[in-house]
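Chemist: One structure is given below, represented as structure tokens, and several questions about it will come after.
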Amino acid sequence: MSAQFNEQFSTYTHQFAAAAARANRLALESAETIFGVQLKTFEKNVDATTAFFGELAEVRDLDSYKTLWPKGVQIAKDNTERLVAAGQEVFGLALKTGEAFGQLAKAQYEAATDNVQATVAKATKAAKAAK
């Protein structure tokens, strides 16, 4: 009986470790993708803002400032739109990751249920045979 328990415990431990490794890999892949999206957005925003400040530094009269004002507003708007789009993309990626975690948990639950049902059926069959 003890050997059977040890074998089952070893099997469950192995399954848990495999599921944990898959969950860890999934989390790391998700974090890497999210970081990439945010970094790309940050890079585009910094490039646009730096280019604008370069133009702003070259301005020497009031009329040039007046012509740059709408461009600055447009750059701020574009930067904000990129940030919002990146936030939405990150949210979507987080939802997909959550769904993948749910599927992983569901698969583990179903495997455990099947195992328990098989063990119960086996024990019931053995009990009937012993009578």
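So you can find residues: chains in the structure tokens are A, B, ... in the order shown, residues in each start at 1, and ligands are numbered from 1 in order.
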So which residues touch Phe35 of chain A within 9 Å, counting only C-alpha atoms, skipping near sequence neighbours fewer than 5 positions away, as a ChimeraX atom specification?
Modeler: /A:30,40,90
Chemist: Which polymer residues have any atom within 12 Å of an atom of segment 109-116 of chain A, counting only C-alpha atoms, with same-chain residues fewer than 4 positions away left out, as a list in words?
Modeler: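 Counting only C-alpha atoms, the residues come to Gln8, Thr11, Tyr12, Thr13, Gln15, Phe16, Ala19, Gly102, Gln103, Leu104, Ala105, Val120, Ala121, Lys122 and Ala123 of chain A.
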Chemist: Take the selection from the previous step and output its residues with C-alpha atoms, as a PDB file, in the first residue's frame.
Modeler:
```
ATOM      1  CA  GLN A   8       0.930   8.065  -6.973  1.00  0.00           C
ATOM      2  CA  THR A  11       3.283  10.914 -10.351  1.00  0.00           C
ATOM      3  CA  TYR A  12       1.285  13.848  -8.991  1.00  0.00           C
ATOM      4  CA  THR A  13       4.461  15.680  -8.029  1.00  0.00           C
ATOM      5  CA  GLN A  15       2.588  16.465 -13.075  1.00  0.00           C
ATOM      6  CA  PHE A  16       2.573  19.484 -10.763  1.00  0.00           C
ATOM      7  CA  ALA A  19       2.408  22.290 -15.015  1.00  0.00           C
ATOM      8  CA  GLY A 102      -7.159  29.008 -17.228  1.00  0.00           C
ATOM      9  CA  GLN A 103      -6.756  26.360 -19.922  1.00  0.00           C
ATOM     10  CA  LEU A 104      -3.684  25.012 -18.148  1.00  0.00           C
ATOM     11  CA  ALA A 105      -5.545  24.810 -14.843  1.00  0.00           C
ATOM     12  CA  VAL A 120     -12.131   4.631  -7.842  1.00  0.00           C
ATOM     13  CA  ALA A 121     -13.205   2.323 -10.658  1.00  0.00           C
ATOM     14  CA  LYS A 122     -10.164   0.135 -10.068  1.00  0.00           C
ATOM     15  CA  ALA A 123     -10.813  -0.014  -6.309  1.00  0.00           C
TER      16      ALA A 123
END
```
Chemist: Could you tell me how far atom CA of Ala76 of chain A lies from atom CA of Thr33 of chain A, in Å and to one decimal?
Modeler: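 We find that atom CA of Ala76 of chain A and atom CA of Thr33 of chain A lie 25.3 Å from each other.
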Chemist: Looking at only C-alpha atoms, which of A:Ser64, A:Asn45, A:Thr119, A:Gln38 is the one that sits closest to Gly87 of chain A?
Modeler: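 Ranked by minimum distance to Gly87 of chain A, first place goes to A:Gln38.
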Chemist: Between A:Asn79, A:Ser10, A:Gln108, A:Asn24, which one has atoms that come closest to Thr50 of chain A, using only C-alpha atoms?
Modeler: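 Looking at the shortest contact to Thr50 of chain A, the residue is A:Asn79.
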Chemist: To one decimal place, how far is atom CA of Glu81 of chain A from atom CA of Lys66 of chain A in Å?
Modeler: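 So the two atoms, atom CA of Glu81 of chain A and atom CA of Lys66 of chain A, lie 23.6 Å apart.
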Chemist: Excluding segment 52-59 of chain A and residues on its chain fewer than 3 positions from it, collect all residues at most 12 Å away from it, counting only C-alpha atoms, and give them as a PDB file with C-alpha atoms, in the first residue's frame.
Modeler:
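Listed below is the output, result-v5.pdb:
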```pdb
ATOM      1  CA  ASN A  45       7.512  58.690 -28.271  1.00  0.00           C
ATOM      2  CA  VAL A  46      11.051  59.680 -27.290  1.00  0.00           C
ATOM      3  CA  ASP A  47      12.112  59.910 -30.942  1.00  0.00           C
ATOM      4  CA  ALA A  48       9.174  62.148 -31.833  1.00  0.00           C
ATOM      5  CA  THR A  49       9.630  64.377 -28.788  1.00  0.00           C
ATOM      6  CA  LEU A  62       8.202  84.549 -32.387  1.00  0.00           C
ATOM      7  CA  ASP A  63       6.625  83.611 -35.728  1.00  0.00           C
ATOM      8  CA  SER A  64       8.555  80.338 -35.790  1.00  0.00           C
ATOM      9  CA  TYR A  65       7.250  79.545 -32.310  1.00  0.00           C
ATOM     10  CA  LYS A  66       3.719  80.136 -33.574  1.00  0.00           C
ATOM     11  CA  THR A  67       4.208  77.671 -36.420  1.00  0.00           C
ATOM     12  CA  LEU A  68       5.756  75.060 -34.111  1.00  0.00           C
ATOM     13  CA  TRP A  69       2.948  75.226 -31.546  1.00  0.00           C
ATOM     14  CA  PRO A  70       0.450  73.136 -33.613  1.00  0.00           C
ATOM     15  CA  LYS A  71       3.209  70.649 -34.402  1.00  0.00           C
ATOM     16  CA  GLY A  72       3.961  70.269 -30.692  1.00  0.00           C
ATOM     17  CA  VAL A  73       0.289  69.708 -29.923  1.00  0.00           C
ATOM     18  CA  GLN A  74       0.101  67.099 -32.698  1.00  0.00           C
ATOM     19  CA  ILE A  75       3.172  65.294 -31.339  1.00  0.00           C
ATOM     20  CA  ALA A  76       1.662  65.257 -27.844  1.00  0.00           C
TER      21      ALA A  76
END
```
Chemist: Rounded to one decimal place, report the atom CA of Leu39 of chain A-atom CA of Glu99 of chain A distance in Å.
Modeler: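 Result for atom CA of Leu39 of chain A versus atom CA of Glu99 of chain A: 24.2 Å, one decimal.
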Chemist: Which is closest to Ala107 of chain A among A:Arg22, A:Ala85, A:Lys128, A:Asn6, if we use only C-alpha atoms?
Modeler: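 Of A:Arg22, A:Ala85, A:Lys128, A:Asn6, the one nearest Ala107 of chain A, counting only C-alpha atoms, is A:Arg22.
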Chemist: Can you work out which one of A:Glu7, A:Phe101, A:Thr80, A:Leu95 has the shortest atom-to-atom distance to Ala20 of chain A, counting only C-alpha atoms?
Modeler: A:Phe101
